[in-house]
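Source file input-v8.pdb; content: PDB, N, CA and C atoms.
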ATOM      1  N   MET A  25     -41.320 -13.328  23.381  1.00  0.00           N
ATOM      2  CA  MET A  25     -40.165 -13.981  22.797  1.00  0.00           C
ATOM      3  C   MET A  25     -39.849 -13.309  21.471  1.00  0.00           C
ATOM      4  N   ASP A  26     -38.588 -13.188  21.138  1.00  0.00           N
ATOM      5  CA  ASP A  26     -38.144 -12.548  19.900  1.00  0.00           C
ATOM      6  C   ASP A  26     -38.319 -13.507  18.733  1.00  0.00           C
ATOM      7  N   SER A  27     -38.956 -13.026  17.675  1.00  0.00           N
ATOM      8  CA  SER A  27     -39.193 -13.888  16.509  1.00  0.00           C
ATOM      9  C   SER A  27     -37.976 -13.986  15.601  1.00  0.00           C
ATOM     10  N   GLY A  28     -36.976 -13.141  15.846  1.00  0.00           N
ATOM     11  CA  GLY A  28     -35.781 -13.157  14.999  1.00  0.00           C
ATOM     12  C   GLY A  28     -35.897 -12.242  13.805  1.00  0.00           C
ATOM     13  N   GLU A  29     -37.056 -11.615  13.635  1.00  0.00           N
ATOM     14  CA  GLU A  29     -37.209 -10.685  12.511  1.00  0.00           C
ATOM     15  C   GLU A  29     -36.292  -9.494  12.704  1.00  0.00           C
ATOM     16  N   GLY A  30     -35.715  -9.034  11.618  1.00  0.00           N
ATOM     17  CA  GLY A  30     -34.804  -7.899  11.691  1.00  0.00           C
ATOM     18  C   GLY A  30     -33.392  -8.293  12.074  1.00  0.00           C
ATOM     19  N   ASN A  31     -33.157  -9.551  12.302  1.00  0.00           N
ATOM     20  CA  ASN A  31     -31.821 -10.013  12.680  1.00  0.00           C
ATOM     21  C   ASN A  31     -31.101 -10.712  11.533  1.00  0.00           C
ATOM     22  N   GLU A  32     -31.587 -10.500  10.295  1.00  0.00           N
ATOM     23  CA  GLU A  32     -30.976 -11.204   9.167  1.00  0.00           C
ATOM     24  C   GLU A  32     -29.521 -10.808   8.938  1.00  0.00           C
ATOM     25  N   ASN A  33     -29.099  -9.633   9.449  1.00  0.00           N
ATOM     26  CA  ASN A  33     -27.715  -9.189   9.283  1.00  0.00           C
ATOM     27  C   ASN A  33     -26.890  -9.405  10.537  1.00  0.00           C
ATOM     28  N   PHE A  34     -27.462 -10.124  11.501  1.00  0.00           N
ATOM     29  CA  PHE A  34     -26.739 -10.371  12.732  1.00  0.00           C
ATOM     30  C   PHE A  34     -25.429 -11.104  12.433  1.00  0.00           C
ATOM     31  N   GLY A  35     -24.338 -10.587  12.972  1.00  0.00           N
ATOM     32  CA  GLY A  35     -23.045 -11.231  12.789  1.00  0.00           C
ATOM     33  C   GLY A  35     -22.308 -10.782  11.541  1.00  0.00           C
ATOM     34  N   ARG A  36     -22.943 -10.006  10.676  1.00  0.00           N
ATOM     35  CA  ARG A  36     -22.281  -9.497   9.468  1.00  0.00           C
ATOM     36  C   ARG A  36     -21.909  -8.042   9.684  1.00  0.00           C
ATOM     37  N   GLN A  37     -20.755  -7.687   9.216  1.00  0.00           N
ATOM     38  CA  GLN A  37     -20.342  -6.295   9.314  1.00  0.00           C
ATOM     39  C   GLN A  37     -20.698  -5.570   8.041  1.00  0.00           C
ATOM     40  N   LYS A  38     -21.235  -4.387   8.193  1.00  0.00           N
ATOM     41  CA  LYS A  38     -21.561  -3.563   7.038  1.00  0.00           C
ATOM     42  C   LYS A  38     -20.328  -2.765   6.657  1.00  0.00           C
ATOM     43  N   PRO A  39     -20.184  -2.432   5.377  1.00  0.00           N
ATOM     44  CA  PRO A  39     -19.050  -1.594   4.989  1.00  0.00           C
ATOM     45  C   PRO A  39     -19.189  -0.218   5.625  1.00  0.00           C
ATOM     46  N   PRO A  40     -18.082   0.445   5.918  1.00  0.00           N
ATOM     47  CA  PRO A  40     -18.154   1.751   6.554  1.00  0.00           C
ATOM     48  C   PRO A  40     -18.852   2.768   5.656  1.00  0.00           C
ATOM     49  N   LYS A  41     -19.583   3.684   6.280  1.00  0.00           N
ATOM     50  CA  LYS A  41     -20.297   4.707   5.532  1.00  0.00           C
ATOM     51  C   LYS A  41     -19.485   5.985   5.395  1.00  0.00           C
ATOM     52  N   ASN A  42     -18.241   5.971   5.828  1.00  0.00           N
ATOM     53  CA  ASN A  42     -17.421   7.172   5.807  1.00  0.00           C
ATOM     54  C   ASN A  42     -16.666   7.357   4.487  1.00  0.00           C
ATOM     55  N   GLY A  43     -16.900   6.503   3.513  1.00  0.00           N
ATOM     56  CA  GLY A  43     -16.234   6.635   2.225  1.00  0.00           C
ATOM     57  C   GLY A  43     -14.844   6.039   2.184  1.00  0.00           C
ATOM     58  N   TYR A  44     -14.411   5.420   3.275  1.00  0.00           N
ATOM     59  CA  TYR A  44     -13.077   4.826   3.306  1.00  0.00           C
ATOM     60  C   TYR A  44     -13.008   3.665   2.333  1.00  0.00           C
ATOM     61  N   LYS A  45     -11.976   3.651   1.541  1.00  0.00           N
ATOM     62  CA  LYS A  45     -11.757   2.550   0.611  1.00  0.00           C
ATOM     63  C   LYS A  45     -10.423   1.907   0.933  1.00  0.00           C
ATOM     64  N   MET A  46     -10.341   0.624   0.700  1.00  0.00           N
ATOM     65  CA  MET A  46      -9.085  -0.086   0.911  1.00  0.00           C
ATOM     66  C   MET A  46      -8.064   0.406  -0.109  1.00  0.00           C
ATOM     67  N   PRO A  47      -6.819   0.603   0.312  1.00  0.00           N
ATOM     68  CA  PRO A  47      -5.799   0.998  -0.655  1.00  0.00           C
ATOM     69  C   PRO A  47      -5.566  -0.123  -1.651  1.00  0.00           C
ATOM     70  N   PRO A  48      -5.185   0.223  -2.869  1.00  0.00           N
ATOM     71  CA  PRO A  48      -4.926  -0.828  -3.851  1.00  0.00           C
ATOM     72  C   PRO A  48      -3.750  -1.690  -3.420  1.00  0.00           C
ATOM     73  N   MET A  49      -3.723  -2.888  -3.913  1.00  0.00           N
ATOM     74  CA  MET A  49      -2.614  -3.788  -3.609  1.00  0.00           C
ATOM     75  C   MET A  49      -1.313  -3.157  -4.098  1.00  0.00           C
ATOM     76  N   ALA A  50      -0.270  -3.315  -3.300  1.00  0.00           N
ATOM     77  CA  ALA A  50       1.021  -2.760  -3.671  1.00  0.00           C
ATOM     78  C   ALA A  50       1.577  -3.507  -4.878  1.00  0.00           C
ATOM     79  N   GLU A  51       2.192  -2.758  -5.766  1.00  0.00           N
ATOM     80  CA  GLU A  51       2.829  -3.357  -6.938  1.00  0.00           C
ATOM     81  C   GLU A  51       4.073  -4.101  -6.468  1.00  0.00           C
ATOM     82  N   THR A  52       4.376  -5.222  -7.090  1.00  0.00           N
ATOM     83  CA  THR A  52       5.583  -5.960  -6.736  1.00  0.00           C
ATOM     84  C   THR A  52       6.580  -5.893  -7.885  1.00  0.00           C
ATOM     85  N   VAL A  53       7.838  -5.980  -7.519  1.00  0.00           N
ATOM     86  CA  VAL A  53       8.919  -6.016  -8.486  1.00  0.00           C
ATOM     87  C   VAL A  53       9.894  -7.099  -8.028  1.00  0.00           C
ATOM     88  N   THR A  54      10.382  -7.884  -8.965  1.00  0.00           N
ATOM     89  CA  THR A  54      11.309  -8.963  -8.647  1.00  0.00           C
ATOM     90  C   THR A  54      12.686  -8.619  -9.198  1.00  0.00           C
ATOM     91  N   THR A  55      13.688  -8.730  -8.342  1.00  0.00           N
ATOM     92  CA  THR A  55      15.069  -8.477  -8.726  1.00  0.00           C
ATOM     93  C   THR A  55      15.889  -9.712  -8.395  1.00  0.00           C
ATOM     94  N   LYS A  56      17.165  -9.664  -8.678  1.00  0.00           N
ATOM     95  CA  LYS A  56      18.035 -10.788  -8.334  1.00  0.00           C
ATOM     96  C   LYS A  56      18.130 -10.977  -6.823  1.00  0.00           C
ATOM     97  N   ASP A  57      17.790  -9.928  -6.048  1.00  0.00           N
ATOM     98  CA  ASP A  57      17.825  -9.989  -4.586  1.00  0.00           C
ATOM     99  C   ASP A  57      16.510 -10.458  -3.968  1.00  0.00           C
ATOM    100  N   GLY A  58      15.480 -10.661  -4.792  1.00  0.00           N
ATOM    101  CA  GLY A  58      14.203 -11.126  -4.262  1.00  0.00           C
ATOM    102  C   GLY A  58      13.034 -10.308  -4.777  1.00  0.00           C
ATOM    103  N   THR A  59      11.888 -10.518  -4.173  1.00  0.00           N
ATOM    104  CA  THR A  59      10.671  -9.817  -4.559  1.00  0.00           C
ATOM    105  C   THR A  59      10.357  -8.747  -3.524  1.00  0.00           C
ATOM    106  N   PHE A  60      10.015  -7.573  -4.004  1.00  0.00           N
ATOM    107  CA  PHE A  60       9.730  -6.432  -3.150  1.00  0.00           C
ATOM    108  C   PHE A  60       8.376  -5.844  -3.515  1.00  0.00           C
ATOM    109  N   GLU A  61       7.757  -5.160  -2.568  1.00  0.00           N
ATOM    110  CA  GLU A  61       6.574  -4.362  -2.841  1.00  0.00           C
ATOM    111  C   GLU A  61       7.010  -2.924  -2.997  1.00  0.00           C
ATOM    112  N   ILE A  62       6.397  -2.220  -3.924  1.00  0.00           N
ATOM    113  CA  ILE A  62       6.640  -0.787  -4.046  1.00  0.00           C
ATOM    114  C   ILE A  62       5.552  -0.097  -3.237  1.00  0.00           C
ATOM    115  N   ARG A  63       5.952   0.643  -2.232  1.00  0.00           N
ATOM    116  CA  ARG A  63       5.019   1.362  -1.369  1.00  0.00           C
ATOM    117  C   ARG A  63       5.257   2.856  -1.524  1.00  0.00           C
ATOM    118  N   SER A  64       4.209   3.639  -1.290  1.00  0.00           N
ATOM    119  CA  SER A  64       4.347   5.089  -1.396  1.00  0.00           C
ATOM    120  C   SER A  64       3.348   5.779  -0.483  1.00  0.00           C
ATOM    121  N   GLU A  65       3.670   7.020  -0.134  1.00  0.00           N
ATOM    122  CA  GLU A  65       2.743   7.850   0.630  1.00  0.00           C
ATOM    123  C   GLU A  65       3.121   9.311   0.456  1.00  0.00           C
ATOM    124  N   SER A  66       2.137  10.164   0.677  1.00  0.00           N
ATOM    125  CA  SER A  66       2.391  11.595   0.523  1.00  0.00           C
ATOM    126  C   SER A  66       3.039  12.137   1.790  1.00  0.00           C
ATOM    127  N   HIS A  67       3.907  13.095   1.595  1.00  0.00           N
ATOM    128  CA  HIS A  67       4.576  13.801   2.693  1.00  0.00           C
ATOM    129  C   HIS A  67       4.563  15.274   2.337  1.00  0.00           C
ATOM    130  N   GLY A  68       3.600  15.999   2.874  1.00  0.00           N
ATOM    131  CA  GLY A  68       3.489  17.417   2.549  1.00  0.00           C
ATOM    132  C   GLY A  68       3.236  17.590   1.059  1.00  0.00           C
ATOM    133  N   PRO A  69       4.023  18.437   0.414  1.00  0.00           N
ATOM    134  CA  PRO A  69       3.784  18.713  -1.013  1.00  0.00           C
ATOM    135  C   PRO A  69       4.397  17.695  -1.973  1.00  0.00           C
ATOM    136  N   HIS A  70       5.018  16.638  -1.444  1.00  0.00           N
ATOM    137  CA  HIS A  70       5.654  15.659  -2.332  1.00  0.00           C
ATOM    138  C   HIS A  70       5.281  14.243  -1.918  1.00  0.00           C
ATOM    139  N   TRP A  71       5.748  13.270  -2.697  1.00  0.00           N
ATOM    140  CA  TRP A  71       5.508  11.850  -2.445  1.00  0.00           C
ATOM    141  C   TRP A  71       6.833  11.148  -2.240  1.00  0.00           C
ATOM    142  N   VAL A  72       6.815  10.107  -1.427  1.00  0.00           N
ATOM    143  CA  VAL A  72       7.980   9.237  -1.289  1.00  0.00           C
ATOM    144  C   VAL A  72       7.550   7.813  -1.617  1.00  0.00           C
ATOM    145  N   ALA A  73       8.470   7.061  -2.177  1.00  0.00           N
ATOM    146  CA  ALA A  73       8.226   5.648  -2.483  1.00  0.00           C
ATOM    147  C   ALA A  73       9.446   4.864  -2.027  1.00  0.00           C
ATOM    148  N   TRP A  74       9.225   3.578  -1.743  1.00  0.00           N
ATOM    149  CA  TRP A  74      10.323   2.722  -1.301  1.00  0.00           C
ATOM    150  C   TRP A  74      10.010   1.275  -1.639  1.00  0.00           C
ATOM    151  N   LEU A  75      11.033   0.453  -1.578  1.00  0.00           N
ATOM    152  CA  LEU A  75      10.881  -0.989  -1.759  1.00  0.00           C
ATOM    153  C   LEU A  75      10.783  -1.608  -0.378  1.00  0.00           C
ATOM    154  N   ALA A  76       9.793  -2.483  -0.189  1.00  0.00           N
ATOM    155  CA  ALA A  76       9.609  -3.151   1.105  1.00  0.00           C
ATOM    156  C   ALA A  76       9.650  -4.654   0.897  1.00  0.00           C
ATOM    157  N   ARG A  77      10.431  -5.323   1.717  1.00  0.00           N
ATOM    158  CA  ARG A  77      10.506  -6.775   1.660  1.00  0.00           C
ATOM    159  C   ARG A  77       9.948  -7.386   2.943  1.00  0.00           C
ATOM    160  N   THR A  78      10.073  -6.697   4.038  1.00  0.00           N
ATOM    161  CA  THR A  78       9.680  -7.244   5.330  1.00  0.00           C
ATOM    162  C   THR A  78       8.199  -6.993   5.618  1.00  0.00           C
ATOM    163  N   ALA A  79       7.672  -7.727   6.563  1.00  0.00           N
ATOM    164  CA  ALA A  79       6.252  -7.612   6.919  1.00  0.00           C
ATOM    165  C   ALA A  79       5.908  -6.236   7.473  1.00  0.00           C
ATOM    166  N   ASP A  80       6.863  -5.561   8.103  1.00  0.00           N
ATOM    167  CA  ASP A  80       6.566  -4.239   8.654  1.00  0.00           C
ATOM    168  C   ASP A  80       6.532  -3.152   7.584  1.00  0.00           C
ATOM    169  N   GLY A  81       6.962  -3.476   6.368  1.00  0.00           N
ATOM    170  CA  GLY A  81       6.894  -2.521   5.263  1.00  0.00           C
ATOM    171  C   GLY A  81       7.981  -1.465   5.267  1.00  0.00           C
ATOM    172  N   GLY A  82       9.002  -1.670   6.074  1.00  0.00           N
ATOM    173  CA  GLY A  82      10.096  -0.700   6.138  1.00  0.00           C
ATOM    174  C   GLY A  82      10.878  -0.651   4.844  1.00  0.00           C
ATOM    175  N   PRO A  83      11.478   0.513   4.552  1.00  0.00           N
ATOM    176  CA  PRO A  83      12.230   0.660   3.304  1.00  0.00           C
ATOM    177  C   PRO A  83      13.500  -0.185   3.268  1.00  0.00           C
ATOM    178  N   GLU A  84      13.703  -0.859   2.155  1.00  0.00           N
ATOM    179  CA  GLU A  84      14.908  -1.667   1.929  1.00  0.00           C
ATOM    180  C   GLU A  84      16.119  -0.740   1.923  1.00  0.00           C
ATOM    181  N   GLN A  85      17.118  -1.056   2.704  1.00  0.00           N
ATOM    182  CA  GLN A  85      18.358  -0.285   2.827  1.00  0.00           C
ATOM    183  C   GLN A  85      18.084   1.174   3.189  1.00  0.00           C
ATOM    184  N   SER A  86      16.962   1.455   3.831  1.00  0.00           N
ATOM    185  CA  SER A  86      16.579   2.800   4.291  1.00  0.00           C
ATOM    186  C   SER A  86      16.503   3.823   3.161  1.00  0.00           C
ATOM    187  N   VAL A  87      16.192   3.369   1.947  1.00  0.00           N
ATOM    188  CA  VAL A  87      16.145   4.257   0.782  1.00  0.00           C
ATOM    189  C   VAL A  87      14.710   4.722   0.533  1.00  0.00           C
ATOM    190  N   LEU A  88      14.518   6.048   0.523  1.00  0.00           N
ATOM    191  CA  LEU A  88      13.256   6.679   0.140  1.00  0.00           C
ATOM    192  C   LEU A  88      13.505   7.486  -1.123  1.00  0.00           C
ATOM    193  N   LEU A  89      12.626   7.354  -2.097  1.00  0.00           N
ATOM    194  CA  LEU A  89      12.758   8.090  -3.350  1.00  0.00           C
ATOM    195  C   LEU A  89      11.668   9.155  -3.387  1.00  0.00           C
ATOM    196  N   VAL A  90      12.065  10.400  -3.570  1.00  0.00           N
ATOM    197  CA  VAL A  90      11.167  11.545  -3.477  1.00  0.00           C
ATOM    198  C   VAL A  90      10.817  12.055  -4.870  1.00  0.00           C
ATOM    199  N   ALA A  91       9.543  12.467  -5.040  1.00  0.00           N
ATOM    200  CA  ALA A  91       9.085  13.024  -6.318  1.00  0.00           C
ATOM    201  C   ALA A  91       7.878  13.920  -6.069  1.00  0.00           C
ATOM    202  N   GLN A  92       7.454  14.613  -7.119  1.00  0.00           N
ATOM    203  CA  GLN A  92       6.311  15.518  -6.995  1.00  0.00           C
ATOM    204  C   GLN A  92       4.978  14.767  -6.987  1.00  0.00           C
ATOM    205  N   THR A  93       4.911  13.622  -7.676  1.00  0.00           N
ATOM    206  CA  THR A  93       3.658  12.866  -7.758  1.00  0.00           C
ATOM    207  C   THR A  93       3.887  11.434  -7.297  1.00  0.00           C
ATOM    208  N   GLN A  94       2.785  10.766  -6.978  1.00  0.00           N
ATOM    209  CA  GLN A  94       2.869   9.366  -6.570  1.00  0.00           C
ATOM    210  C   GLN A  94       3.405   8.499  -7.709  1.00  0.00           C
ATOM    211  N   ALA A  95       2.907   8.720  -8.908  1.00  0.00           N
ATOM    212  CA  ALA A  95       3.347   7.918 -10.058  1.00  0.00           C
ATOM    213  C   ALA A  95       4.845   8.089 -10.300  1.00  0.00           C
ATOM    214  N   GLU A  96       5.330   9.307 -10.199  1.00  0.00           N
ATOM    215  CA  GLU A  96       6.750   9.567 -10.419  1.00  0.00           C
ATOM    216  C   GLU A  96       7.600   8.901  -9.329  1.00  0.00           C
ATOM    217  N   ALA A  97       7.159   8.973  -8.086  1.00  0.00           N
ATOM    218  CA  ALA A  97       7.910   8.353  -6.991  1.00  0.00           C
ATOM    219  C   ALA A  97       7.962   6.837  -7.162  1.00  0.00           C
ATOM    220  N   GLU A  98       6.827   6.228  -7.534  1.00  0.00           N
ATOM    221  CA  GLU A  98       6.798   4.783  -7.724  1.00  0.00           C
ATOM    222  C   GLU A  98       7.621   4.355  -8.929  1.00  0.00           C
ATOM    223  N   THR A  99       7.642   5.172  -9.974  1.00  0.00           N
ATOM    224  CA  THR A  99       8.496   4.881 -11.133  1.00  0.00           C
ATOM    225  C   THR A  99       9.958   4.923 -10.735  1.00  0.00           C
ATOM    226  N   ARG A 100      10.335   5.896  -9.919  1.00  0.00           N
ATOM    227  CA  ARG A 100      11.726   5.975  -9.443  1.00  0.00           C
ATOM    228  C   ARG A 100      12.085   4.750  -8.614  1.00  0.00           C
ATOM    229  N   ALA A 101      11.164   4.274  -7.799  1.00  0.00           N
ATOM    230  CA  ALA A 101      11.426   3.072  -6.995  1.00  0.00           C
ATOM    231  C   ALA A 101      11.603   1.852  -7.893  1.00  0.00           C
ATOM    232  N   ARG A 102      10.755   1.736  -8.911  1.00  0.00           N
ATOM    233  CA  ARG A 102      10.845   0.611  -9.852  1.00  0.00           C
ATOM    234  C   ARG A 102      12.189   0.638 -10.579  1.00  0.00           C
ATOM    235  N   LEU A 103      12.606   1.812 -11.056  1.00  0.00           N
ATOM    236  CA  LEU A 103      13.887   1.933 -11.762  1.00  0.00           C
ATOM    237  C   LEU A 103      15.059   1.626 -10.841  1.00  0.00           C
ATOM    238  N   TRP A 104      14.961   2.079  -9.589  1.00  0.00           N
ATOM    239  CA  TRP A 104      16.023   1.801  -8.635  1.00  0.00           C
ATOM    240  C   TRP A 104      16.136   0.291  -8.408  1.00  0.00           C
ATOM    241  N   ALA A 105      15.004  -0.383  -8.314  1.00  0.00           N
ATOM    242  CA  ALA A 105      15.003  -1.835  -8.121  1.00  0.00           C
ATOM    243  C   ALA A 105      15.650  -2.539  -9.301  1.00  0.00           C
ATOM    244  N   GLU A 106      15.353  -2.090 -10.502  1.00  0.00           N
ATOM    245  CA  GLU A 106      15.901  -2.718 -11.710  1.00  0.00           C
ATOM    246  C   GLU A 106      17.405  -2.534 -11.825  1.00  0.00           C
ATOM    247  N   ARG A 107      17.947  -1.456 -11.278  1.00  0.00           N
ATOM    248  CA  ARG A 107      19.399  -1.194 -11.342  1.00  0.00           C
ATOM    249  C   ARG A 107      20.170  -1.935 -10.277  1.00  0.00           C
ATOM    250  N   ARG A 108      19.494  -2.476  -9.279  1.00  0.00           N
ATOM    251  CA  ARG A 108      20.177  -3.150  -8.164  1.00  0.00           C
ATOM    252  C   ARG A 108      20.847  -4.423  -8.627  1.00  0.00           C
TER     253      ARG A 108
END

Write out the structure in this file as structure tokens.
Amino acid sequence: MDSGEGNENFGRQKPPKNGYKMPPMAETVTTKDGTFEIRSESHGPHWVAWLARTADGGPEQSVLLVAQTQAEAETRARLWAERR
């Protein structure tokens, strides 16, 4: 019969050993039209950022803002939101 030794982690998931980290929470910005998340991702040698309101994370009004760095792209998205 099994004594249960060695099963202290049964049912618990261990964190992945591949170095994967959760992405940081998306920054939010509030405008007169509502609250949006600023999302960004790299595309080849540049970055794009957009405002997302829906659960699927699609760009608001199909607008993508392009820049050389992630910080610059997200700043452009924030400024675009403030001008709306």

Inset, instruction - Report as JSON, numbers by chain the full result of the PyMOL selection byres ((chain A and resi 86-89) around 8) when it is applied to this structure. - result: {"A": [71, 72, 73, 74, 75, 82, 83, 84, 85, 90, 91, 92, 96, 97, 98, 100, 101]}

Legend entry - Selected residue, from A:Thr93, A:Arg107, A:Thr99, A:Glu51, that lies nearest to Pro69 in chain A when counting all atoms listed in the file: A:Thr93

Inset, instruction - Write out as an MDAnalysis selection string which residues come within 7 Å of Phe60 in chain A when counting all atoms listed in the file, dropping same-chain ones fewer than 5 positions away. - result: chainID A and resid 51:55 75:77

Inset, instruction - Provide the atom C of His70 in chain A to atom N of Lys56 in chain A distance in Å, to one decimal place. - result: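 So the two atoms, atom C of His70 in chain A and atom N of Lys56 in chain A, lie 27.5 Å apart.
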
Inset, instruction - Record the distance separating atom C of Gly68 in chain A and CA of Leu103 in chain A, expressed in Å with one decimal. - result: 22.9 Å
